[in-house]
$ cat model.tsv   # TSV, C-alpha atoms
chain	number	residue	atom	x	y	z
U	1	MET	CA	0.00	0.00	0.00
U	2	ALA	CA	1.47	3.36	-1.03
U	3	LYS	CA	1.96	5.90	1.75
U	4	SER	CA	2.69	9.59	1.44
U	5	PHE	CA	5.55	10.83	3.58
U	6	LEU	CA	7.43	13.86	4.82
U	7	THR	CA	11.13	14.11	5.50
U	8	LEU	CA	11.88	16.13	8.63
U	9	PRO	CA	15.10	16.98	10.45
U	10	MET	CA	15.47	15.28	13.85
U	11	PRO	CA	13.66	15.48	16.21
U	12	PRO	CA	10.11	16.08	14.96
U	13	LYS	CA	7.59	17.70	17.33
U	14	THR	CA	4.76	15.46	16.19
U	15	TYR	CA	3.50	11.98	16.93
U	16	ILE	CA	2.46	10.62	13.56
U	17	LEU	CA	2.73	7.11	12.19
U	18	TYR	CA	5.74	4.98	11.39
U	19	ASN	CA	8.69	6.97	12.69
U	20	THR	CA	11.70	5.57	10.85
U	21	ASP	CA	15.21	6.92	11.42
U	22	TYR	CA	17.68	6.84	8.55
U	23	TYR	CA	20.87	8.61	7.48
U	24	ILE	CA	21.56	10.74	4.41
U	25	ASN	CA	25.12	12.10	4.05
U	26	ASN	CA	25.79	11.24	7.73
U	27	LYS	CA	22.82	13.37	8.79
U	28	LYS	CA	20.17	11.62	10.85
U	29	GLU	CA	16.65	12.28	9.57
U	30	ARG	CA	13.27	10.77	10.25
U	31	LYS	CA	10.66	9.73	7.72
U	32	ILE	CA	7.14	10.12	8.98
U	33	TYR	CA	4.49	8.24	7.06
U	34	MET	CA	0.88	9.37	7.15
U	35	LEU	CA	-2.32	7.58	6.35
U	36	THR	CA	-4.15	8.88	3.29
U	37	TRP	CA	-7.79	8.64	2.20
U	38	LYS	CA	-6.80	5.73	-0.06
U	39	ASP	CA	-5.45	3.85	2.99
U	40	ILE	CA	-8.69	4.51	4.89
U	41	ILE	CA	-10.83	3.18	2.03
U	42	ASN	CA	-8.58	0.10	1.71
U	43	TYR	CA	-8.96	-0.65	5.44
U	44	SER	CA	-12.74	-0.20	5.32
U	45	VAL	CA	-13.02	-2.60	2.37
U	46	LYS	CA	-10.17	-5.10	2.79
U	47	GLY	CA	-9.80	-5.26	6.58
U	48	ASN	CA	-8.10	-3.38	9.38
U	49	PRO	CA	-4.66	-3.76	10.97
U	50	LEU	CA	-4.59	-6.04	14.01
U	51	PRO	CA	-4.76	-4.24	17.37
U	52	ASP	CA	-2.03	-4.68	19.99
U	53	LYS	CA	-4.64	-6.24	22.30
U	54	ARG	CA	-8.40	-6.80	22.54
U	55	VAL	CA	-10.81	-5.77	25.31
U	56	GLU	CA	-14.20	-7.47	25.29
U	57	LYS	CA	-16.96	-7.02	27.85
U	58	THR	CA	-20.63	-7.85	28.08
U	59	GLU	CA	-23.25	-5.16	27.53
U	60	GLU	CA	-23.91	-5.21	31.28
U	61	GLU	CA	-20.21	-4.66	32.06
U	62	TRP	CA	-20.05	-1.70	29.63
U	63	ARG	CA	-23.18	-0.18	31.24
U	64	GLU	CA	-21.55	-0.38	34.69
U	65	LEU	CA	-18.35	1.24	33.42
U	66	LEU	CA	-19.80	4.09	31.31
U	67	THR	CA	-22.23	6.96	31.84
U	68	PRO	CA	-25.53	6.58	29.97
U	69	GLU	CA	-24.38	9.12	27.33
U	70	GLN	CA	-20.99	7.42	26.88
U	71	PHE	CA	-22.75	4.07	26.50
U	72	ARG	CA	-25.21	5.49	23.93
U	73	ILE	CA	-22.40	6.93	21.83
U	74	THR	CA	-19.70	4.26	22.11
U	75	ARG	CA	-21.73	1.06	22.27
U	76	ASN	CA	-24.84	2.07	20.27
U	77	LYS	CA	-23.13	4.27	17.62
U	78	GLY	CA	-24.69	7.51	18.83
U	79	THR	CA	-23.58	11.08	18.14
U	80	GLU	CA	-23.40	14.01	20.53
U	81	ALA	CA	-24.84	17.36	19.48
U	82	PRO	CA	-22.32	19.64	17.72
U	83	HIS	CA	-20.42	22.08	19.97
U	84	SER	CA	-21.69	20.26	23.09
U	85	GLY	CA	-18.66	18.11	23.92
U	86	ALA	CA	-16.19	19.11	26.63
U	87	LEU	CA	-13.19	18.26	24.42
U	88	CYS	CA	-14.37	20.22	21.37
U	89	SER	CA	-12.62	23.48	22.28
U	90	SER	CA	-9.93	21.99	24.52
U	91	HIS	CA	-6.37	22.37	23.25
U	92	GLU	CA	-4.45	21.09	26.26
U	93	ALA	CA	-1.31	19.04	25.66
U	94	GLY	CA	-1.78	15.31	26.06
U	95	LYS	CA	-3.04	12.13	24.51
U	96	TYR	CA	-6.68	11.33	23.79
U	97	SER	CA	-7.61	7.80	24.88
U	98	CYS	CA	-10.68	5.63	24.40
U	99	ILE	CA	-13.17	6.19	27.22
U	100	CYS	CA	-13.98	2.46	27.26
U	101	CYS	CA	-10.57	0.77	27.30
U	102	GLU	CA	-8.04	3.63	27.67
U	103	THR	CA	-6.22	2.79	24.43
U	104	PRO	CA	-4.34	5.90	23.15
U	105	LEU	CA	-6.05	7.12	19.98
U	106	PHE	CA	-4.88	10.65	19.11
U	107	ASP	CA	-2.26	13.17	20.21
U	108	SER	CA	-3.06	16.81	20.96
U	109	THR	CA	-0.35	17.91	18.50
U	110	ILE	CA	-2.50	16.65	15.61
U	111	LYS	CA	-5.79	18.17	16.82
U	112	PHE	CA	-7.19	21.11	14.87
U	113	ASN	CA	-10.26	23.35	14.87
U	114	SER	CA	-12.39	22.19	11.95
U	115	GLY	CA	-15.36	24.38	12.83
U	116	THR	CA	-17.65	21.32	12.73
U	117	GLY	CA	-18.48	21.19	16.42
U	118	TRP	CA	-16.58	17.98	17.21
U	119	PRO	CA	-12.92	17.41	18.13
U	120	SER	CA	-10.97	16.88	14.90
U	121	PHE	CA	-7.62	15.21	14.26
U	122	THR	CA	-5.51	14.59	11.16
U	123	GLN	CA	-4.04	11.18	12.09
U	124	PRO	CA	-4.39	8.48	14.74
U	125	ILE	CA	-1.54	8.03	17.21
U	126	ASN	CA	-0.77	4.58	15.71
U	127	GLU	CA	-1.89	2.92	12.50
U	128	ASN	CA	-3.59	0.09	14.39
U	129	ALA	CA	-5.35	2.24	17.03
U	130	ILE	CA	-8.39	2.84	14.81
U	131	LYS	CA	-10.76	0.44	13.02
U	132	TYR	CA	-12.51	1.61	9.84
U	133	HIS	CA	-15.98	0.50	8.72
U	134	LYS	CA	-18.07	1.51	5.69
U	135	ASP	CA	-21.18	3.24	7.10
U	136	THR	CA	-24.26	3.52	4.87
U	137	SER	CA	-26.67	4.79	7.55
U	138	PHE	CA	-28.84	7.89	7.00
U	139	GLY	CA	-28.81	7.49	3.20
U	140	MET	CA	-25.12	8.37	2.75
U	141	VAL	CA	-21.79	6.59	2.52
U	142	ARG	CA	-19.22	7.48	5.19
U	143	VAL	CA	-16.35	5.77	6.98
U	144	GLU	CA	-17.03	5.09	10.64
U	145	VAL	CA	-14.04	5.03	13.02
U	146	MET	CA	-13.96	2.78	16.06
U	147	CYS	CA	-11.42	1.90	18.72
U	148	ASN	CA	-9.59	-1.11	17.31
U	149	THR	CA	-9.11	-2.53	20.82
U	150	CYS	CA	-12.74	-2.58	22.08
U	151	ASP	CA	-14.88	-1.61	19.04
U	152	ALA	CA	-16.17	1.59	20.67
U	153	HIS	CA	-17.80	3.94	18.15
U	154	LEU	CA	-15.72	7.14	17.99
U	155	GLY	CA	-17.09	9.06	15.01
U	156	HIS	CA	-16.22	9.28	11.30
U	157	VAL	CA	-13.28	10.20	9.08
U	158	PHE	CA	-13.60	12.45	6.02
U	159	PRO	CA	-11.23	13.41	3.15
U	160	ASP	CA	-11.61	17.18	3.73
U	161	GLY	CA	-8.93	17.78	6.38
U	162	PRO	CA	-5.80	19.92	6.18
U	163	GLU	CA	-2.72	18.96	4.19
U	164	PRO	CA	-0.55	16.98	4.05
U	165	SER	CA	-2.83	14.00	4.86
U	166	GLY	CA	-6.13	15.63	3.90
U	167	LEU	CA	-7.91	13.63	6.63
U	168	ARG	CA	-10.38	14.88	9.24
U	169	TYR	CA	-11.19	12.47	12.05
U	170	CYS	CA	-14.42	13.88	13.50
U	171	ILE	CA	-14.69	12.35	16.99
U	172	ASN	CA	-17.33	12.48	19.74
U	173	SER	CA	-15.98	14.03	22.97
U	174	GLU	CA	-17.90	11.45	25.01
U	175	SER	CA	-15.91	8.62	23.40
U	176	MET	CA	-12.53	9.92	24.62
U	177	LYS	CA	-10.71	11.29	27.61
U	178	ILE	CA	-7.55	13.36	27.59
U	179	VAL	CA	-4.50	12.21	29.52
U	180	LYS	CA	-2.74	15.51	30.09
U	181	GLU	CA	1.02	15.86	29.82
U	182	ARG	CA	2.70	16.59	33.11
U	183	VAL	CA	4.45	19.93	33.34
U	184	SER	CA	7.78	19.80	35.12
U	185	ASP	CA	8.28	22.14	38.11
U	186	GLU	CA	11.83	22.84	36.89
U	187	GLN	CA	10.86	24.75	33.75

$ encode --input "model.tsv" --output "structure tokens"
Amino acid sequence: MAKSFLTLPMPPKTYILYNTDYYINNKKERKIYMLTWKDIINYSVKGNPLPDKRVEKTEEEWRELLTPEQFRITRNKGTEAPHSGALCSSHEAGKYSCICCETPLFDSTIKFNSGTGWPSFTQPINENAIKYHKDTSFGMVRVEVMCNTCDAHLGHVFPDGPEPSGLRYCINSESMKIVKERVSDEQ
């Protein structure tokens, strides 16, 4: 599968897929590969990458763990109202994890304001963090994104994001929590 890539001097300030160090003329550089819309379509049609682990619970166990709204969104493929989520306008440094299983999904360095009313990201934190599924509900064709570890519904991905990937992961706030980066007292 073809991947687009950037070549950046070391060290990059971003957490995007497939960090690969290599040397050109004795200068260490890092290639950072990004998923493209073609990759997303291939995953939704041909199958997703295997997750690092699986978390499976009964419906009753999920209900005990989650709030009613989190359960509705993550387990029943619901959607929160636009501009209503706590994480929509948050730009704190940290990692966004699945509310159900705590798998890291996105990094705050790849979050952007899309103006849609939901938190938006350009790439997942790892290629195998997200599962992609063709969604034909509501008379349209979209690509649903789910946590690849526990199958929690997160939202959808669209091909109208910023360059260089062109992707916009539109995610429900209720399906994630932010794990904030610690700030050192010695700064």

$ closest_residue --input "model.tsv" --among "U:Tyr43, U:Pro104, U:Gly117, U:Asn48" --to "Ser90 (chain U)" --atoms "only C-alpha atoms"
U:Gly117

$ atom_distance --input "model.tsv" --atom1 "CA of Pro82 (chain U)" --atom2 "CA of Leu66 (chain U)"
20.8 Å

$ residues_around --input "model.tsv" --residues "region 119-124 of chain U" --least-positions-apart "4" --cutoff "6 Å" --atoms "only C-alpha atoms" --output "list in words"
Cys88, Leu105, Phe106, Ile110, Lys111, Phe112, Leu167, Arg168, Tyr169, Cys170 and Ile171 of chain U

$ closest_residue --input "model.tsv" --among "U:Ser44, U:Thr36, U:Asp52, U:Thr74" --to "Val143 (chain U)" --atoms "only C-alpha atoms"
U:Ser44

$ atom_distance --input "model.tsv" --atom1 "CA of Pro51 (chain U)" --atom2 "CA of Gly155 (chain U)"
18.3 Å

$ atom_distance --input "model.tsv" --atom1 "CA of Ala86 (chain U)" --atom2 "CA of Glu174 (chain U)"
8.0 Å

$ closest_residue --input "model.tsv" --among "U:Gly139, U:Pro49, U:Arg54, U:Cys100" --to "Thr67 (chain U)" --atoms "only C-alpha atoms"
U:Cys100

$ residues_around --input "model.tsv" --residues "region 132-135 of chain U" --least-positions-apart "6" --cutoff "12 Å" --atoms "only C-alpha atoms" --output "ChimeraX atom specification"
/U:37,39-50,77,124,141-148,151-158,169

$ residues_around --input "model.tsv" --residues "Ser175 (chain U)" --least-positions-apart "2" --cutoff "7 Å" --atoms "only C-alpha atoms" --output "list in words"
Gln70, Ile73, Thr74, Cys98, Ile99, Leu154, Asn172 and Ser173 of chain U

$ residues_around --input "model.tsv" --residues "Glu181 (chain U)" --least-positions-apart "4" --cutoff "12 Å" --atoms "all atoms listed in the file" --output "PyMOL selection string"
chain U and resi 91-96+107-109

$ closest_residue --input "model.tsv" --among "U:Glu64, U:Thr116, U:Thr103, U:Asn76" --to "Asp160 (chain U)" --atoms "all atoms listed in the file"
U:Thr116

$ closest_residue --input "model.tsv" --among "U:Phe138, U:Cys101, U:Leu35, U:Ile130" --to "Met176 (chain U)" --atoms "all atoms listed in the file"
U:Cys101

$ decode --input "model.tsv" --residues "region 107-163 of chain U" --atoms "C-alpha atoms" --output "mmCIF file, in the first residue's frame"
data_model
loop_
_atom_site.group_PDB
_atom_site.id
_atom_site.type_symbol
_atom_site.label_atom_id
_atom_site.label_comp_id
_atom_site.auth_asym_id
_atom_site.auth_seq_id
_atom_site.Cartn_x
_atom_site.Cartn_y
_atom_site.Cartn_z
ATOM 1 C CA ASP U 107 -2.264 13.169 20.209
ATOM 2 C CA SER U 108 -3.064 16.806 20.955
ATOM 3 C CA THR U 109 -0.350 17.913 18.500
ATOM 4 C CA ILE U 110 -2.503 16.651 15.608
ATOM 5 C CA LYS U 111 -5.785 18.172 16.816
ATOM 6 C CA PHE U 112 -7.194 21.108 14.872
ATOM 7 C CA ASN U 113 -10.260 23.347 14.875
ATOM 8 C CA SER U 114 -12.389 22.186 11.955
ATOM 9 C CA GLY U 115 -15.362 24.383 12.828
ATOM 10 C CA THR U 116 -17.653 21.322 12.726
ATOM 11 C CA GLY U 117 -18.484 21.187 16.425
ATOM 12 C CA TRP U 118 -16.577 17.982 17.206
ATOM 13 C CA PRO U 119 -12.921 17.414 18.126
ATOM 14 C CA SER U 120 -10.965 16.881 14.905
ATOM 15 C CA PHE U 121 -7.621 15.208 14.261
ATOM 16 C CA THR U 122 -5.507 14.585 11.160
ATOM 17 C CA GLN U 123 -4.035 11.176 12.088
ATOM 18 C CA PRO U 124 -4.387 8.477 14.741
ATOM 19 C CA ILE U 125 -1.543 8.033 17.206
ATOM 20 C CA ASN U 126 -0.769 4.578 15.713
ATOM 21 C CA GLU U 127 -1.886 2.916 12.504
ATOM 22 C CA ASN U 128 -3.587 0.088 14.392
ATOM 23 C CA ALA U 129 -5.352 2.241 17.028
ATOM 24 C CA ILE U 130 -8.390 2.840 14.805
ATOM 25 C CA LYS U 131 -10.758 0.442 13.024
ATOM 26 C CA TYR U 132 -12.510 1.607 9.842
ATOM 27 C CA HIS U 133 -15.976 0.499 8.717
ATOM 28 C CA LYS U 134 -18.070 1.510 5.694
ATOM 29 C CA ASP U 135 -21.177 3.239 7.102
ATOM 30 C CA THR U 136 -24.263 3.517 4.874
ATOM 31 C CA SER U 137 -26.670 4.786 7.547
ATOM 32 C CA PHE U 138 -28.835 7.886 6.997
ATOM 33 C CA GLY U 139 -28.806 7.493 3.201
ATOM 34 C CA MET U 140 -25.121 8.373 2.753
ATOM 35 C CA VAL U 141 -21.785 6.594 2.524
ATOM 36 C CA ARG U 142 -19.225 7.481 5.194
ATOM 37 C CA VAL U 143 -16.347 5.770 6.981
ATOM 38 C CA GLU U 144 -17.030 5.087 10.643
ATOM 39 C CA VAL U 145 -14.041 5.029 13.018
ATOM 40 C CA MET U 146 -13.955 2.781 16.065
ATOM 41 C CA CYS U 147 -11.422 1.901 18.720
ATOM 42 C CA ASN U 148 -9.593 -1.114 17.314
ATOM 43 C CA THR U 149 -9.115 -2.528 20.822
ATOM 44 C CA CYS U 150 -12.741 -2.581 22.082
ATOM 45 C CA ASP U 151 -14.884 -1.613 19.043
ATOM 46 C CA ALA U 152 -16.169 1.592 20.670
ATOM 47 C CA HIS U 153 -17.795 3.938 18.151
ATOM 48 C CA LEU U 154 -15.718 7.138 17.987
ATOM 49 C CA GLY U 155 -17.092 9.061 15.007
ATOM 50 C CA HIS U 156 -16.224 9.283 11.304
ATOM 51 C CA VAL U 157 -13.282 10.199 9.079
ATOM 52 C CA PHE U 158 -13.598 12.449 6.019
ATOM 53 C CA PRO U 159 -11.235 13.415 3.155
ATOM 54 C CA ASP U 160 -11.608 17.182 3.734
ATOM 55 C CA GLY U 161 -8.927 17.777 6.376
ATOM 56 C CA PRO U 162 -5.800 19.919 6.179
ATOM 57 C CA GLU U 163 -2.724 18.955 4.187
#
